[in-house]
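The next block is protein.cif, given as mmCIF, C-alpha atoms and all ligand atoms.
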```cif
data_structure
loop_
_atom_site.group_PDB
_atom_site.id
_atom_site.type_symbol
_atom_site.label_atom_id
_atom_site.label_comp_id
_atom_site.auth_asym_id
_atom_site.auth_seq_id
_atom_site.Cartn_x
_atom_site.Cartn_y
_atom_site.Cartn_z
ATOM 1 C CA MET A 1 0.176 -17.387 -26.993
ATOM 2 C CA THR A 2 2.582 -14.521 -27.508
ATOM 3 C CA VAL A 3 5.983 -15.336 -26.073
ATOM 4 C CA VAL A 4 7.998 -12.405 -24.811
ATOM 5 C CA GLY A 5 11.736 -12.904 -24.573
ATOM 6 C CA LEU A 6 13.462 -11.538 -21.490
ATOM 7 C CA LEU A 7 17.115 -10.980 -22.212
ATOM 8 C CA GLY A 8 18.565 -12.790 -19.220
ATOM 9 C CA LEU A 9 22.293 -12.128 -19.392
ATOM 10 C CA GLN A 10 22.309 -9.741 -16.439
ATOM 11 C CA GLY A 11 20.046 -7.264 -14.678
ATOM 12 C CA ALA A 12 16.374 -6.942 -13.733
ATOM 13 C CA PHE A 13 14.766 -9.372 -16.179
ATOM 14 C CA LEU A 14 12.782 -11.389 -13.615
ATOM 15 C CA ASP A 15 10.836 -8.316 -12.475
ATOM 16 C CA HIS A 16 8.888 -8.316 -15.754
ATOM 17 C CA ILE A 17 7.341 -11.735 -15.265
ATOM 18 C CA ARG A 18 4.409 -10.752 -13.042
ATOM 19 C CA HIS A 19 3.246 -8.070 -15.500
ATOM 20 C CA LEU A 20 3.566 -10.369 -18.511
ATOM 21 C CA THR A 21 1.720 -13.142 -16.691
ATOM 22 C CA SER A 22 -1.036 -10.766 -15.578
ATOM 23 C CA LEU A 23 -1.531 -9.849 -19.244
ATOM 24 C CA GLY A 24 -1.786 -13.484 -20.281
ATOM 25 C CA ALA A 25 1.521 -13.493 -22.162
ATOM 26 C CA GLY A 26 4.119 -16.240 -22.033
ATOM 27 C CA TYR A 27 7.771 -15.509 -21.473
ATOM 28 C CA ARG A 28 11.108 -17.112 -22.102
ATOM 29 C CA ILE A 29 14.462 -16.123 -20.679
ATOM 30 C CA ILE A 30 16.928 -15.640 -23.521
ATOM 31 C CA ARG A 31 20.640 -16.245 -23.210
ATOM 32 C CA ASP A 32 21.739 -17.098 -26.745
ATOM 33 C CA ALA A 33 20.970 -16.449 -30.389
ATOM 34 C CA ALA A 34 18.920 -19.630 -30.756
ATOM 35 C CA GLY A 35 16.605 -18.539 -27.948
ATOM 36 C CA LEU A 36 16.143 -15.248 -29.738
ATOM 37 C CA MET A 37 14.566 -17.061 -32.679
ATOM 38 C CA ALA A 38 11.902 -18.606 -30.434
ATOM 39 C CA VAL A 39 10.267 -15.400 -29.192
ATOM 40 C CA ASP A 40 7.822 -12.905 -30.707
ATOM 41 C CA ARG A 41 9.200 -9.828 -28.987
ATOM 42 C CA LEU A 42 12.007 -8.936 -26.619
ATOM 43 C CA ILE A 43 12.559 -6.944 -23.445
ATOM 44 C CA ILE A 44 16.110 -5.768 -22.745
ATOM 45 C CA PRO A 45 16.057 -5.095 -19.000
ATOM 46 C CA GLY A 46 17.718 -2.593 -16.753
ATOM 47 C CA GLY A 47 21.068 -3.507 -15.280
ATOM 48 C CA GLU A 48 24.577 -2.590 -16.381
ATOM 49 C CA SER A 49 24.809 -1.803 -20.065
ATOM 50 C CA THR A 50 28.573 -2.372 -20.177
ATOM 51 C CA VAL A 51 28.257 -5.884 -18.742
ATOM 52 C CA MET A 52 25.215 -6.791 -20.821
ATOM 53 C CA GLY A 53 26.870 -5.398 -23.953
ATOM 54 C CA LYS A 54 29.967 -7.513 -23.329
ATOM 55 C CA PHE A 55 27.894 -10.655 -22.884
ATOM 56 C CA LEU A 56 25.885 -9.881 -26.042
ATOM 57 C CA GLN A 57 29.174 -9.668 -27.898
ATOM 58 C CA GLU A 58 30.699 -12.745 -26.289
ATOM 59 C CA PHE A 59 27.639 -14.890 -26.920
ATOM 60 C CA ARG A 60 27.471 -13.694 -30.541
ATOM 61 C CA MET A 61 24.042 -12.196 -30.147
ATOM 62 C CA ILE A 62 24.600 -8.701 -31.577
ATOM 63 C CA ASP A 63 24.091 -9.484 -35.282
ATOM 64 C CA PRO A 64 21.184 -11.940 -34.793
ATOM 65 C CA LEU A 65 19.469 -9.437 -32.531
ATOM 66 C CA ARG A 66 19.966 -6.555 -34.959
ATOM 67 C CA ALA A 67 18.642 -8.746 -37.765
ATOM 68 C CA ARG A 68 15.485 -9.705 -35.848
ATOM 69 C CA ILE A 69 14.826 -6.065 -34.979
ATOM 70 C CA ALA A 70 15.364 -5.065 -38.624
ATOM 71 C CA GLN A 71 12.809 -7.716 -39.595
ATOM 72 C CA GLY A 72 10.257 -6.031 -37.328
ATOM 73 C CA MET A 73 10.494 -7.832 -33.983
ATOM 74 C CA PRO A 74 9.241 -5.409 -31.301
ATOM 75 C CA VAL A 75 11.848 -4.602 -28.675
ATOM 76 C CA TRP A 76 11.727 -2.576 -25.468
ATOM 77 C CA GLY A 77 14.871 -1.386 -23.736
ATOM 78 C CA ILE A 78 14.715 -0.269 -20.125
ATOM 79 C CA CYS A 79 17.408 2.000 -18.713
ATOM 80 C CA ALA A 80 20.571 -0.041 -19.488
ATOM 81 C CA GLY A 81 18.477 -1.633 -22.260
ATOM 82 C CA ALA A 82 17.841 1.833 -23.689
ATOM 83 C CA VAL A 83 21.600 2.426 -23.668
ATOM 84 C CA LEU A 84 22.138 -0.797 -25.648
ATOM 85 C CA LEU A 85 19.566 0.189 -28.295
ATOM 86 C CA ALA A 86 20.917 3.724 -28.769
ATOM 87 C CA GLY A 87 22.822 4.907 -31.822
ATOM 88 C CA THR A 88 25.253 7.025 -29.796
ATOM 89 C CA VAL A 89 26.417 6.469 -26.214
ATOM 90 C CA ASP A 90 28.671 8.975 -24.449
ATOM 91 C CA GLY A 91 29.715 10.341 -27.839
ATOM 92 C CA GLY A 92 30.707 6.951 -29.316
ATOM 93 C CA PRO A 93 28.832 4.261 -31.244
ATOM 94 C CA GLY A 94 26.203 2.251 -29.336
ATOM 95 C CA ARG A 95 26.076 -1.559 -29.197
ATOM 96 C CA LEU A 96 22.939 -2.257 -31.246
ATOM 97 C CA GLN A 97 22.327 1.126 -32.895
ATOM 98 C CA VAL A 98 18.692 0.423 -33.686
ATOM 99 C CA LEU A 99 17.251 3.576 -32.115
ATOM 100 C CA PRO A 100 18.505 6.947 -33.387
ATOM 101 C CA VAL A 101 18.983 8.636 -30.041
ATOM 102 C CA SER A 102 22.065 9.955 -28.323
ATOM 103 C CA VAL A 103 22.427 9.107 -24.645
ATOM 104 C CA ALA A 104 24.799 9.913 -21.796
ATOM 105 C CA ARG A 105 25.128 7.184 -19.172
ATOM 106 C CA ASN A 106 24.593 7.975 -15.483
ATOM 107 C CA ALA A 107 24.168 11.621 -16.439
ATOM 108 C CA TYR A 108 21.823 12.722 -13.678
ATOM 109 C CA GLY A 109 24.420 12.396 -10.957
ATOM 110 C CA ARG A 110 23.964 11.321 -7.395
ATOM 111 C CA GLN A 111 20.913 13.343 -6.552
ATOM 112 C CA LEU A 112 18.963 11.398 -9.140
ATOM 113 C CA ALA A 113 20.763 8.139 -8.526
ATOM 114 C CA SER A 114 17.532 6.516 -7.485
ATOM 115 C CA ARG A 115 14.193 8.244 -7.152
ATOM 116 C CA GLU A 116 10.573 8.217 -8.107
ATOM 117 C CA HIS A 117 9.269 11.065 -10.214
ATOM 118 C CA ASP A 118 5.693 11.623 -11.407
ATOM 119 C CA ILE A 119 5.457 12.056 -15.158
ATOM 120 C CA ASP A 120 2.597 12.606 -17.575
ATOM 121 C CA ILE A 121 2.267 10.031 -20.327
ATOM 122 C CA PRO A 122 -0.705 11.083 -22.480
ATOM 123 C CA ILE A 123 -0.489 8.075 -24.817
ATOM 124 C CA LEU A 124 -0.866 5.653 -21.868
ATOM 125 C CA ALA A 125 -3.348 7.754 -19.886
ATOM 126 C CA ALA A 126 -5.624 7.471 -22.921
ATOM 127 C CA ALA A 127 -5.403 3.682 -22.525
ATOM 128 C CA GLY A 128 -6.393 3.795 -18.837
ATOM 129 C CA GLY A 129 -2.923 4.060 -17.277
ATOM 130 C CA ALA A 130 -2.263 5.988 -14.091
ATOM 131 C CA SER A 131 -1.656 9.663 -14.732
ATOM 132 C CA PRO A 132 0.654 10.989 -13.561
ATOM 133 C CA PHE A 133 2.702 7.793 -13.632
ATOM 134 C CA PRO A 134 5.208 7.193 -10.794
ATOM 135 C CA ALA A 135 8.386 6.585 -12.791
ATOM 136 C CA VAL A 136 11.293 4.951 -10.959
ATOM 137 C CA PHE A 137 14.716 6.191 -12.075
ATOM 138 C CA ILE A 138 17.838 4.234 -11.068
ATOM 139 C CA ARG A 139 21.149 5.592 -12.327
ATOM 140 C CA SER A 140 19.365 6.397 -15.542
ATOM 141 C CA PRO A 141 20.891 7.421 -18.814
ATOM 142 C CA ARG A 142 19.942 10.844 -20.119
ATOM 143 C CA ILE A 143 18.591 11.087 -23.651
ATOM 144 C CA LEU A 144 20.384 14.106 -25.076
ATOM 145 C CA ALA A 145 18.958 14.128 -28.600
ATOM 146 C CA VAL A 146 16.509 12.129 -30.702
ATOM 147 C CA GLY A 147 16.345 11.630 -34.467
ATOM 148 C CA PRO A 148 13.447 13.297 -36.326
ATOM 149 C CA GLU A 149 11.572 9.987 -36.706
ATOM 150 C CA VAL A 150 11.615 9.223 -32.972
ATOM 151 C CA ALA A 151 8.381 9.887 -31.051
ATOM 152 C CA VAL A 152 8.852 11.321 -27.554
ATOM 153 C CA HIS A 153 5.932 10.022 -25.446
ATOM 154 C CA ALA A 154 7.059 11.450 -22.110
ATOM 155 C CA ARG A 155 9.624 13.780 -20.609
ATOM 156 C CA ALA A 156 11.053 14.302 -17.145
ATOM 157 C CA PHE A 157 13.573 16.945 -16.088
ATOM 158 C CA LYS A 158 12.811 18.342 -19.587
ATOM 159 C CA ASP A 159 14.508 15.303 -21.185
ATOM 160 C CA PRO A 160 12.820 12.539 -23.188
ATOM 161 C CA VAL A 161 12.339 9.478 -20.968
ATOM 162 C CA PHE A 162 9.948 7.356 -23.056
ATOM 163 C CA VAL A 163 10.669 7.222 -26.784
ATOM 164 C CA GLN A 164 9.665 5.042 -29.686
ATOM 165 C CA LYS A 165 10.532 4.540 -33.307
ATOM 166 C CA GLY A 166 8.290 2.008 -34.989
ATOM 167 C CA ARG A 167 8.530 -1.192 -32.985
ATOM 168 C CA VAL A 168 11.545 -0.121 -30.968
ATOM 169 C CA MET A 169 10.740 1.572 -27.671
ATOM 170 C CA ALA A 170 12.850 2.707 -24.761
ATOM 171 C CA THR A 171 12.226 3.998 -21.257
ATOM 172 C CA THR A 172 15.001 5.419 -19.099
ATOM 173 C CA PHE A 173 12.983 4.462 -16.005
ATOM 174 C CA HIS A 174 11.686 1.109 -14.710
ATOM 175 C CA PRO A 175 7.941 0.420 -15.233
ATOM 176 C CA GLU A 176 8.460 -3.199 -14.119
ATOM 177 C CA LEU A 177 8.956 -1.874 -10.566
ATOM 178 C CA THR A 178 5.511 -0.221 -10.570
ATOM 179 C CA MET A 179 2.298 -2.190 -10.056
ATOM 180 C CA ASP A 180 0.611 -0.756 -13.155
ATOM 181 C CA PRO A 181 1.156 -3.078 -16.180
ATOM 182 C CA VAL A 182 0.199 -0.346 -18.656
ATOM 183 C CA PHE A 183 3.668 -0.184 -20.244
ATOM 184 C CA HIS A 184 3.753 -3.943 -20.775
ATOM 185 C CA HIS A 185 0.281 -3.731 -22.250
ATOM 186 C CA TYR A 186 1.417 -0.960 -24.611
ATOM 187 C CA PHE A 187 4.507 -2.960 -25.601
ATOM 188 C CA MET A 188 2.393 -6.043 -26.316
ATOM 189 C CA GLY A 189 0.437 -3.940 -28.801
ATOM 190 C CA LEU A 190 3.458 -2.782 -30.836
HETATM 191 N N1 LIG B 1 23.627 3.009 -15.177
HETATM 192 C C1 LIG B 1 23.280 1.832 -15.904
HETATM 193 C C2 LIG B 1 23.955 1.784 -17.258
HETATM 194 O O1 LIG B 1 24.251 2.799 -17.832
HETATM 195 C C3 LIG B 1 21.797 1.735 -16.112
HETATM 196 C C4 LIG B 1 21.088 1.557 -14.797
HETATM 197 C C5 LIG B 1 19.793 0.828 -14.918
HETATM 198 O O2 LIG B 1 19.541 0.069 -15.855
HETATM 199 N N2 LIG B 1 18.962 1.021 -13.936
HETATM 200 O O3 LIG B 1 24.171 0.725 -17.760
#
```
Write out the structure in this file as structure tokens.
Amino acid sequence: MTVVGLLGLQGAFLDHIRHLTSLGAGYRIIRDAAGLMAVDRLIIPGGESTVMGKFLQEFRMIDPLRARIAQGMPVWGICAGAVLLAGTVDGGPGRLQVLPVSVARNAYGRQLASREHDIDIPILAAAGGASPFPAVFIRSPRILAVGPEVAVHARAFKDPVFVQKGRVMATTFHPELTMDPVFHHYFMGL
């Protein structure tokens, strides 16, 4: 059985369990580098990227995590998780720097602090996902620029909101809060 790691240092990691279970996947909550070695893929949840980044550093997980991703472990960052994966955050270096995108944290302001927005995701609609998909944004980062090798699968407010490079994917919204497990299904196929 595929075991999906849920980075469980902080944030919305528990919300992924029902989708993973419905897809027949196992899961394991990861809080240290040893746990990281016991999973096939990893979800970095939404939450607070500053707090999660500090814990990653404190628990000496940054280098082991970067190494596993470099070796081809699929990883999906959601919202704060996307911030942690990014190369550039608010003009400075990101924590993991495994996804060549530049992001600005909390860049949509109050009006977009928390809302649902319908977006078209052709790559998932082709696999039977709801289209348009009701994407839930919660104090989301804004992806300002993507490297040439980054695929943009969906946009909202004209900005990329679902991007992927190889086995690293990021969404600036929260598919775990929607009933449709199509994102988890897509991630399981990376
Ligand atoms: N604003 C948070 C951050 O930048 C992200 C919010 C979220 O994950 N929903 O860390």
Original post:
Which of these, A:Lys165, A:Phe173, A:Gly47, A:Ile78, has the shortest distance to Glu116 in chain A once you count all atoms listed in the file?
Top reply: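 Nearest to Glu116 in chain A: A:Phe173.
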Could you pull the residues within 9 Å of His16 in chain A, counting only C-alpha atoms, minus those fewer than 5 positions along the same chain, as a PDB file with C-alpha atoms, in the coordinates of the input?
```pdb
ATOM      1  CA  LEU A   6      13.462 -11.538 -21.490  1.00  0.00           C
ATOM      2  CA  THR A  21       1.720 -13.142 -16.691  1.00  0.00           C
ATOM      3  CA  ILE A  43      12.559  -6.944 -23.445  1.00  0.00           C
ATOM      4  CA  PRO A  45      16.057  -5.095 -19.000  1.00  0.00           C
ATOM      5  CA  PRO A 175       7.941   0.420 -15.233  1.00  0.00           C
ATOM      6  CA  GLU A 176       8.460  -3.199 -14.119  1.00  0.00           C
ATOM      7  CA  LEU A 177       8.956  -1.874 -10.566  1.00  0.00           C
ATOM      8  CA  HIS A 184       3.753  -3.943 -20.775  1.00  0.00           C
TER       9      HIS A 184
END
```
Original post:
If I put a ball of radius 9 Å at (8.7, -9.4, -34.7) in the file's coordinates, which residues poke into it when counting only C-alpha atoms, written as a VMD selection string?
Top reply: chain A and resid 39 to 42 68 to 75 167
Take the residues that were just selected and, keeping C-alpha atoms, output them as a CSV table (one decimal), keeping the file's coordinate frame.
```csv
chain,number,residue,atom,x,y,z
A,39,VAL,CA,10.3,-15.4,-29.2
A,40,ASP,CA,7.8,-12.9,-30.7
A,41,ARG,CA,9.2,-9.8,-29.0
A,42,LEU,CA,12.0,-8.9,-26.6
A,68,ARG,CA,15.5,-9.7,-35.8
A,69,ILE,CA,14.8,-6.1,-35.0
A,70,ALA,CA,15.4,-5.1,-38.6
A,71,GLN,CA,12.8,-7.7,-39.6
A,72,GLY,CA,10.3,-6.0,-37.3
A,73,MET,CA,10.5,-7.8,-34.0
A,74,PRO,CA,9.2,-5.4,-31.3
A,75,VAL,CA,11.8,-4.6,-28.7
A,167,ARG,CA,8.5,-1.2,-33.0
```
With a cut-off of 7 Å, could you pull out the residues of chain A touching ligand LIG 1 (chain B) and give me the nearest pair of atoms for each, distance in Å to one decimal, using only C-alpha atoms and all ligand atoms, ordered by chain and ascending number, as JSON lines?
```
{"residue": "A:Pro45", "atom": "CA", "partner": "B:LIG1", "partner_atom": "O2", "distance": 7.0}
{"residue": "A:Gly46", "atom": "CA", "partner": "B:LIG1", "partner_atom": "O2", "distance": 3.3}
{"residue": "A:Gly47", "atom": "CA", "partner": "B:LIG1", "partner_atom": "O2", "distance": 3.9}
{"residue": "A:Glu48", "atom": "CA", "partner": "B:LIG1", "partner_atom": "O3", "distance": 3.6}
{"residue": "A:Ser49", "atom": "CA", "partner": "B:LIG1", "partner_atom": "O3", "distance": 3.5}
{"residue": "A:Thr50", "atom": "CA", "partner": "B:LIG1", "partner_atom": "O3", "distance": 5.9}
{"residue": "A:Ile78", "atom": "CA", "partner": "B:LIG1", "partner_atom": "O2", "distance": 6.5}
{"residue": "A:Cys79", "atom": "CA", "partner": "B:LIG1", "partner_atom": "O2", "distance": 4.1}
{"residue": "A:Ala80", "atom": "CA", "partner": "B:LIG1", "partner_atom": "O2", "distance": 3.8}
{"residue": "A:Gly81", "atom": "CA", "partner": "B:LIG1", "partner_atom": "O2", "distance": 6.7}
{"residue": "A:Val83", "atom": "CA", "partner": "B:LIG1", "partner_atom": "O1", "distance": 6.4}
{"residue": "A:Arg105", "atom": "CA", "partner": "B:LIG1", "partner_atom": "O1", "distance": 4.7}
{"residue": "A:Asn106", "atom": "CA", "partner": "B:LIG1", "partner_atom": "N1", "distance": 5.1}
{"residue": "A:Phe137", "atom": "CA", "partner": "B:LIG1", "partner_atom": "N2", "distance": 6.9}
{"residue": "A:Ile138", "atom": "CA", "partner": "B:LIG1", "partner_atom": "N2", "distance": 4.5}
{"residue": "A:Arg139", "atom": "CA", "partner": "B:LIG1", "partner_atom": "N1", "distance": 4.6}
{"residue": "A:Ser140", "atom": "CA", "partner": "B:LIG1", "partner_atom": "C4", "distance": 5.2}
{"residue": "A:Pro141", "atom": "CA", "partner": "B:LIG1", "partner_atom": "O1", "distance": 5.8}
```
**OP:** Name the residues that the PyMOL selection byres (((chain A and resi 84) around 12) and not hetatm) picks from the file above, as a ChimeraX atom specification, using the file's chain letters and numbers.
**Re:** /A:7,43-57,62,65-66,75-83,85-90,93-105,141,168-172
**OP:** Up to 10 Å from (0.4, -13.2, -21.2) in the file's coordinates: name the residues, counting all atoms listed in the file, as a list in words.
**Re:**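 Output of the proximity query reads Met1, Thr2, Val3, Val4, Ile17, Arg18, His19, Leu20, Thr21, Ser22, Leu23, Gly24, Ala25, Gly26, Tyr27, His184, His185 and Met188 of chain A.
CA of Phe133 in chain A is positioned 18.1 Å from CA of Asp15 in chain A.
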Subject >> Which of A:Arg142, A:Phe187, A:Val182, A:Asp63 sits closest to Gln164 in chain A [using all atoms listed in the file] >> reply: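 Checking each candidate against Gln164 in chain A, we get A:Phe187 as the closest.
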Original post:
How far is it from CA of Ile121 in chain A to CA of Gln10 in chain A, in Å with one decimal?
Top reply: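 Calculated distance between CA of Ile121 in chain A and CA of Gln10 in chain A is 28.4 Å.
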Subject >> Selection result of the PyMOL selection byres (((chain A and resi 159) around 9) and not hetatm) on this file, as a VMD selection string >> reply: chain A and resid 142 to 145 154 to 158 160 to 161
Those residues you just picked out, can you put them in a file as a tab-separated table (two decimals), keeping the file's coordinate frame with C-alpha atoms?
```tsv
chain	number	residue	atom	x	y	z
A	142	ARG	CA	19.94	10.84	-20.12
A	143	ILE	CA	18.59	11.09	-23.65
A	144	LEU	CA	20.38	14.11	-25.08
A	145	ALA	CA	18.96	14.13	-28.60
A	154	ALA	CA	7.06	11.45	-22.11
A	155	ARG	CA	9.62	13.78	-20.61
A	156	ALA	CA	11.05	14.30	-17.14
A	157	PHE	CA	13.57	16.94	-16.09
A	158	LYS	CA	12.81	18.34	-19.59
A	160	PRO	CA	12.82	12.54	-23.19
A	161	VAL	CA	12.34	9.48	-20.97
```
Original post:
Mind pulling up the distance from CA of Ile123 in chain A to CA of Val152 in chain A?
Top reply: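 If I compute the distance from CA of Val152 in chain A to CA of Ile123 in chain A, I get 10.3 Å.
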Work out where the centre of an axis-aligned box around every listed atom of range 21-40 of chain A lies and how long its edges are once 8 Å is added on each side; give both in Å to one decimal as lines of an AutoDock Vina configuration file.
```
center_x = 10.0
center_y = -14.7
center_z = -24.1
size_x = 39.5
size_y = 25.8
size_z = 33.1
```
Applied to the shown file, which residues does the PyMOL selection byres (((chain A and resi 31) around 7) and not hetatm) return, written as a PDB file with C-alpha atoms, in the coordinates of the input?
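Written out: selection.pdb:
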```pdb
ATOM      1  CA  LEU A   7      17.115 -10.980 -22.212  1.00  0.00           C
ATOM      2  CA  GLY A   8      18.565 -12.790 -19.220  1.00  0.00           C
ATOM      3  CA  LEU A   9      22.293 -12.128 -19.392  1.00  0.00           C
ATOM      4  CA  ILE A  29      14.462 -16.123 -20.679  1.00  0.00           C
ATOM      5  CA  ILE A  30      16.928 -15.640 -23.521  1.00  0.00           C
ATOM      6  CA  ASP A  32      21.739 -17.098 -26.745  1.00  0.00           C
ATOM      7  CA  GLY A  35      16.605 -18.539 -27.948  1.00  0.00           C
TER       8      GLY A  35
END
```
Original post:
For Ala127 in chain A, which residue among A:Glu149, A:Asp180, A:Ser114, A:Gly91 is the nearest when counting all atoms listed in the file?
Top reply: A:Asp180
Is it possible to dump range 61-69 of chain A as a PDB file, in the first residue's frame, including just all heavy atoms?
```
ATOM      1  N   MET A  61      14.935  18.961   9.501  1.00  0.00           N
ATOM      2  CA  MET A  61      14.255  18.227   8.429  1.00  0.00           C
ATOM      3  C   MET A  61      14.498  18.840   7.041  1.00  0.00           C
ATOM      4  O   MET A  61      14.149  18.245   6.028  1.00  0.00           O
ATOM      5  CB  MET A  61      12.739  18.177   8.701  1.00  0.00           C
ATOM      6  CG  MET A  61      12.379  17.356   9.934  1.00  0.00           C
ATOM      7  SD  MET A  61      10.619  17.377  10.268  1.00  0.00           S
ATOM      8  CE  MET A  61      10.006  16.261   9.001  1.00  0.00           C
ATOM      9  N   ILE A  62      15.084  20.020   6.982  1.00  0.00           N
ATOM     10  CA  ILE A  62      15.217  20.712   5.696  1.00  0.00           C
ATOM     11  C   ILE A  62      16.080  19.901   4.717  1.00  0.00           C
ATOM     12  O   ILE A  62      15.634  19.585   3.601  1.00  0.00           O
ATOM     13  CB  ILE A  62      15.828  22.123   5.871  1.00  0.00           C
ATOM     14  CG1 ILE A  62      14.967  22.946   6.816  1.00  0.00           C
ATOM     15  CG2 ILE A  62      16.071  22.797   4.520  1.00  0.00           C
ATOM     16  CD1 ILE A  62      14.038  23.952   6.209  1.00  0.00           C
ATOM     17  N   ASP A  63      17.288  19.540   5.121  1.00  0.00           N
ATOM     18  CA  ASP A  63      18.188  18.832   4.199  1.00  0.00           C
ATOM     19  C   ASP A  63      17.670  17.443   3.830  1.00  0.00           C
ATOM     20  O   ASP A  63      17.672  17.085   2.657  1.00  0.00           O
ATOM     21  CB  ASP A  63      19.612  18.769   4.764  1.00  0.00           C
ATOM     22  CG  ASP A  63      20.274  20.142   4.732  1.00  0.00           C
ATOM     23  OD1 ASP A  63      19.781  21.009   3.984  1.00  0.00           O
ATOM     24  OD2 ASP A  63      21.249  20.352   5.468  1.00  0.00           O
ATOM     25  N   PRO A  64      17.192  16.636   4.826  1.00  0.00           N
ATOM     26  CA  PRO A  64      16.640  15.331   4.461  1.00  0.00           C
ATOM     27  C   PRO A  64      15.448  15.440   3.506  1.00  0.00           C
ATOM     28  O   PRO A  64      15.309  14.647   2.581  1.00  0.00           O
ATOM     29  CB  PRO A  64      16.197  14.742   5.803  1.00  0.00           C
ATOM     30  CG  PRO A  64      16.963  15.469   6.841  1.00  0.00           C
ATOM     31  CD  PRO A  64      17.271  16.818   6.289  1.00  0.00           C
ATOM     32  N   LEU A  65      14.638  16.440   3.715  1.00  0.00           N
ATOM     33  CA  LEU A  65      13.468  16.630   2.858  1.00  0.00           C
ATOM     34  C   LEU A  65      13.893  17.031   1.447  1.00  0.00           C
ATOM     35  O   LEU A  65      13.403  16.478   0.453  1.00  0.00           O
ATOM     36  CB  LEU A  65      12.557  17.692   3.495  1.00  0.00           C
ATOM     37  CG  LEU A  65      11.217  18.002   2.845  1.00  0.00           C
ATOM     38  CD1 LEU A  65      10.482  16.727   2.454  1.00  0.00           C
ATOM     39  CD2 LEU A  65      10.362  18.818   3.807  1.00  0.00           C
ATOM     40  N   ARG A  66      14.829  17.957   1.359  1.00  0.00           N
ATOM     41  CA  ARG A  66      15.331  18.368   0.038  1.00  0.00           C
ATOM     42  C   ARG A  66      15.965  17.180  -0.682  1.00  0.00           C
ATOM     43  O   ARG A  66      15.803  17.009  -1.879  1.00  0.00           O
ATOM     44  CB  ARG A  66      16.368  19.497   0.193  1.00  0.00           C
ATOM     45  CG  ARG A  66      15.732  20.865   0.450  1.00  0.00           C
ATOM     46  CD  ARG A  66      16.798  21.911   0.760  1.00  0.00           C
ATOM     47  NE  ARG A  66      17.855  21.937  -0.244  1.00  0.00           N
ATOM     48  CZ  ARG A  66      17.798  22.653  -1.357  1.00  0.00           C
ATOM     49  NH1 ARG A  66      16.773  23.437  -1.586  1.00  0.00           N
ATOM     50  NH2 ARG A  66      18.784  22.615  -2.230  1.00  0.00           N
ATOM     51  N   ALA A  67      16.675  16.357   0.071  1.00  0.00           N
ATOM     52  CA  ALA A  67      17.336  15.194  -0.538  1.00  0.00           C
ATOM     53  C   ALA A  67      16.299  14.213  -1.079  1.00  0.00           C
ATOM     54  O   ALA A  67      16.423  13.713  -2.202  1.00  0.00           O
ATOM     55  CB  ALA A  67      18.239  14.505   0.486  1.00  0.00           C
ATOM     56  N   ARG A  68      15.265  13.922  -0.299  1.00  0.00           N
ATOM     57  CA  ARG A  68      14.230  12.989  -0.763  1.00  0.00           C
ATOM     58  C   ARG A  68      13.524  13.523  -2.005  1.00  0.00           C
ATOM     59  O   ARG A  68      13.208  12.783  -2.927  1.00  0.00           O
ATOM     60  CB  ARG A  68      13.216  12.722   0.356  1.00  0.00           C
ATOM     61  CG  ARG A  68      13.763  11.809   1.416  1.00  0.00           C
ATOM     62  CD  ARG A  68      12.894  10.590   1.685  1.00  0.00           C
ATOM     63  NE  ARG A  68      12.536   9.825   0.500  1.00  0.00           N
ATOM     64  CZ  ARG A  68      11.543   8.949   0.429  1.00  0.00           C
ATOM     65  NH1 ARG A  68      10.797   8.727   1.469  1.00  0.00           N
ATOM     66  NH2 ARG A  68      11.287   8.295  -0.671  1.00  0.00           N
ATOM     67  N   ILE A  69      13.274  14.813  -2.033  1.00  0.00           N
ATOM     68  CA  ILE A  69      12.605  15.410  -3.199  1.00  0.00           C
ATOM     69  C   ILE A  69      13.538  15.333  -4.413  1.00  0.00           C
ATOM     70  O   ILE A  69      13.106  15.000  -5.512  1.00  0.00           O
ATOM     71  CB  ILE A  69      12.165  16.861  -2.891  1.00  0.00           C
ATOM     72  CG1 ILE A  69      11.085  16.858  -1.796  1.00  0.00           C
ATOM     73  CG2 ILE A  69      11.640  17.544  -4.156  1.00  0.00           C
ATOM     74  CD1 ILE A  69      10.782  18.234  -1.199  1.00  0.00           C
TER      75      ILE A  69
END
```
